[in-house]
Amino acid sequence: MLKCEAENKLRELMIERIKTGQSVVIDFSFWRRAKRVLYKRLIEEAGGEWRLLYLKVPPDELRRRLAIHSKRSDANAAFPITEAILTAYLEGFEEPDGEGETVIEP
């Protein structure tokens, strides 16, 4: 439940900031199209303009980066990402296509 509460609070803060004309960056994975649609709607309703950046990284490159990540012990590497977790993510990811996205490839 804490994750849901935290996201709700972040969403509230996002809307407040947009309504006051501030720029906001939401750094979520947005792996489901429905969540991207929800956030776009919230941003527009608050008077903001959204920009969807899709960092398109091939699975083999993700694996290479995760191998490096797994050897670290700092706060940015606190949660290990196993092959099973990566596979589940890749299988469930709904790639942006025709959503007004800007695609950035390595």
# chains A, B, ... in the order shown; residues from 1 in each chain; ligands from 1

call {"tool": "residues_around", "arguments": {"residues": "Glu12 (chain A)", "least_positions_apart": "5", "cutoff": "12 Å", "atoms": "only C-alpha atoms", "output": "ChimeraX atom specification"}}
result
/A:5-7,17-19,24,39,42-43,46

call {"tool": "select_by_dssp", "arguments": {"residues": "chain A", "states": "helix (DSSP H, G or I)", "output": "number ranges by chain"}}
result
A: 2-19, 33-45, 59-69, 75-77, 83-92

call {"tool": "closest_residue", "arguments": {"among": "A:Ile85, A:Leu53, A:Ser23, A:Ile68", "to": "Arg36 (chain A)", "atoms": "only C-alpha atoms"}}
result
A:Leu53

call {"tool": "closest_residue", "arguments": {"among": "A:Glu83, A:Asp27, A:Glu105, A:Glu16", "to": "Leu52 (chain A)", "atoms": "only C-alpha atoms"}}
result
A:Asp27

call {"tool": "residues_around", "arguments": {"residues": "Phe93 (chain A)", "least_positions_apart": "6", "cutoff": "9 Å", "atoms": "only C-alpha atoms", "output": "JSON, numbers by chain"}}
result
{"A": [30, 31, 32, 33]}

call {"tool": "residues_around", "arguments": {"residues": "region 99-104 of chain A", "least_positions_apart": "4", "cutoff": "12 Å", "atoms": "only C-alpha atoms", "output": "MDAnalysis selection string"}}
result
chainID A and resid 33:34 36:37 40 49:58 94:95

call {"tool": "write_last_selection", "arguments": {"atoms": "N, CA and C atoms", "output": "PDB file, in the first residue's frame"}}
result
ATOM      1  N   ARG A  33       0.537   1.316 -21.277  1.00  0.00           N
ATOM      2  CA  ARG A  33      -0.060   2.413 -22.044  1.00  0.00           C
ATOM      3  C   ARG A  33      -1.126   3.132 -21.223  1.00  0.00           C
ATOM      4  N   ALA A  34      -1.915   2.396 -20.469  1.00  0.00           N
ATOM      5  CA  ALA A  34      -2.996   3.010 -19.687  1.00  0.00           C
ATOM      6  C   ALA A  34      -2.454   4.036 -18.692  1.00  0.00           C
ATOM      7  N   ARG A  36       0.342   5.757 -19.046  1.00  0.00           N
ATOM      8  CA  ARG A  36       0.798   6.913 -19.829  1.00  0.00           C
ATOM      9  C   ARG A  36      -0.384   7.795 -20.204  1.00  0.00           C
ATOM     10  N   VAL A  37      -1.482   7.176 -20.607  1.00  0.00           N
ATOM     11  CA  VAL A  37      -2.686   7.923 -20.982  1.00  0.00           C
ATOM     12  C   VAL A  37      -3.210   8.696 -19.775  1.00  0.00           C
ATOM     13  N   LYS A  40      -0.934  11.723 -19.077  1.00  0.00           N
ATOM     14  CA  LYS A  40      -1.114  12.753 -20.106  1.00  0.00           C
ATOM     15  C   LYS A  40      -2.382  13.548 -19.832  1.00  0.00           C
ATOM     16  N   GLU A  49       1.708  20.831 -20.575  1.00  0.00           N
ATOM     17  CA  GLU A  49       1.975  20.146 -21.833  1.00  0.00           C
ATOM     18  C   GLU A  49       2.910  18.987 -21.521  1.00  0.00           C
ATOM     19  N   TRP A  50       2.570  17.806 -21.980  1.00  0.00           N
ATOM     20  CA  TRP A  50       3.390  16.626 -21.704  1.00  0.00           C
ATOM     21  C   TRP A  50       4.340  16.363 -22.853  1.00  0.00           C
ATOM     22  N   ARG A  51       5.385  15.657 -22.508  1.00  0.00           N
ATOM     23  CA  ARG A  51       6.349  15.171 -23.493  1.00  0.00           C
ATOM     24  C   ARG A  51       6.753  13.775 -23.056  1.00  0.00           C
ATOM     25  N   LEU A  52       6.531  12.799 -23.915  1.00  0.00           N
ATOM     26  CA  LEU A  52       6.860  11.409 -23.621  1.00  0.00           C
ATOM     27  C   LEU A  52       8.174  11.059 -24.301  1.00  0.00           C
ATOM     28  N   LEU A  53       9.201  10.804 -23.490  1.00  0.00           N
ATOM     29  CA  LEU A  53      10.496  10.389 -24.013  1.00  0.00           C
ATOM     30  C   LEU A  53      10.630   8.889 -23.830  1.00  0.00           C
ATOM     31  N   TYR A  54      10.836   8.191 -24.914  1.00  0.00           N
ATOM     32  CA  TYR A  54      10.991   6.746 -24.875  1.00  0.00           C
ATOM     33  C   TYR A  54      12.456   6.416 -25.118  1.00  0.00           C
ATOM     34  N   LEU A  55      13.130   5.973 -24.059  1.00  0.00           N
ATOM     35  CA  LEU A  55      14.528   5.579 -24.159  1.00  0.00           C
ATOM     36  C   LEU A  55      14.561   4.120 -24.597  1.00  0.00           C
ATOM     37  N   LYS A  56      14.691   3.921 -25.885  1.00  0.00           N
ATOM     38  CA  LYS A  56      14.589   2.595 -26.478  1.00  0.00           C
ATOM     39  C   LYS A  56      15.944   1.892 -26.447  1.00  0.00           C
ATOM     40  N   VAL A  57      16.061   0.944 -25.529  1.00  0.00           N
ATOM     41  CA  VAL A  57      17.314   0.231 -25.338  1.00  0.00           C
ATOM     42  C   VAL A  57      17.065  -1.253 -25.621  1.00  0.00           C
ATOM     43  N   PRO A  58      17.864  -1.867 -26.503  1.00  0.00           N
ATOM     44  CA  PRO A  58      17.681  -3.292 -26.818  1.00  0.00           C
ATOM     45  C   PRO A  58      17.905  -4.165 -25.575  1.00  0.00           C
ATOM     46  N   GLU A  94       4.539  -2.370 -22.794  1.00  0.00           N
ATOM     47  CA  GLU A  94       3.763  -1.930 -23.942  1.00  0.00           C
ATOM     48  C   GLU A  94       4.504  -0.752 -24.574  1.00  0.00           C
ATOM     49  N   GLU A  95       5.222  -1.055 -25.628  1.00  0.00           N
ATOM     50  CA  GLU A  95       6.078  -0.054 -26.278  1.00  0.00           C
ATOM     51  C   GLU A  95       5.238   1.094 -26.827  1.00  0.00           C
TER      52      GLU A  95
END

call {"tool": "atom_distance", "arguments": {"atom1": "CA of Asn8 (chain A)", "atom2": "CA of Leu66 (chain A)"}}
result
28.9 Å

call {"tool": "residues_around", "arguments": {"residues": "Leu86 (chain A)", "least_positions_apart": "4", "cutoff": "9 Å", "atoms": "only C-alpha atoms", "output": "NGL selection string"}}
result
:A and (59 or 62-63 or 81-82 or 90-91)

call {"tool": "write_last_selection", "arguments": {"atoms": "C-alpha atoms", "output": "PDB file, in the first residue's frame"}}
result
ATOM      1  CA  PRO A  59      17.333  -6.198 -24.331  1.00  0.00           C
ATOM      2  CA  LEU A  62      19.820  -3.811 -20.783  1.00  0.00           C
ATOM      3  CA  ARG A  63      21.401  -7.093 -19.699  1.00  0.00           C
ATOM      4  CA  ILE A  81      17.273  -6.874 -11.016  1.00  0.00           C
ATOM      5  CA  THR A  82      17.363 -10.572 -11.854  1.00  0.00           C
ATOM      6  CA  LEU A  90      10.120  -7.027 -21.179  1.00  0.00           C
ATOM      7  CA  GLU A  91       7.166  -9.375 -21.718  1.00  0.00           C
TER       8      GLU A  91
END

call {"tool": "closest_residue", "arguments": {"among": "A:Thr20, A:Arg72, A:Glu61, A:Leu13", "to": "Pro106 (chain A)", "atoms": "only C-alpha atoms"}}
result
A:Glu61
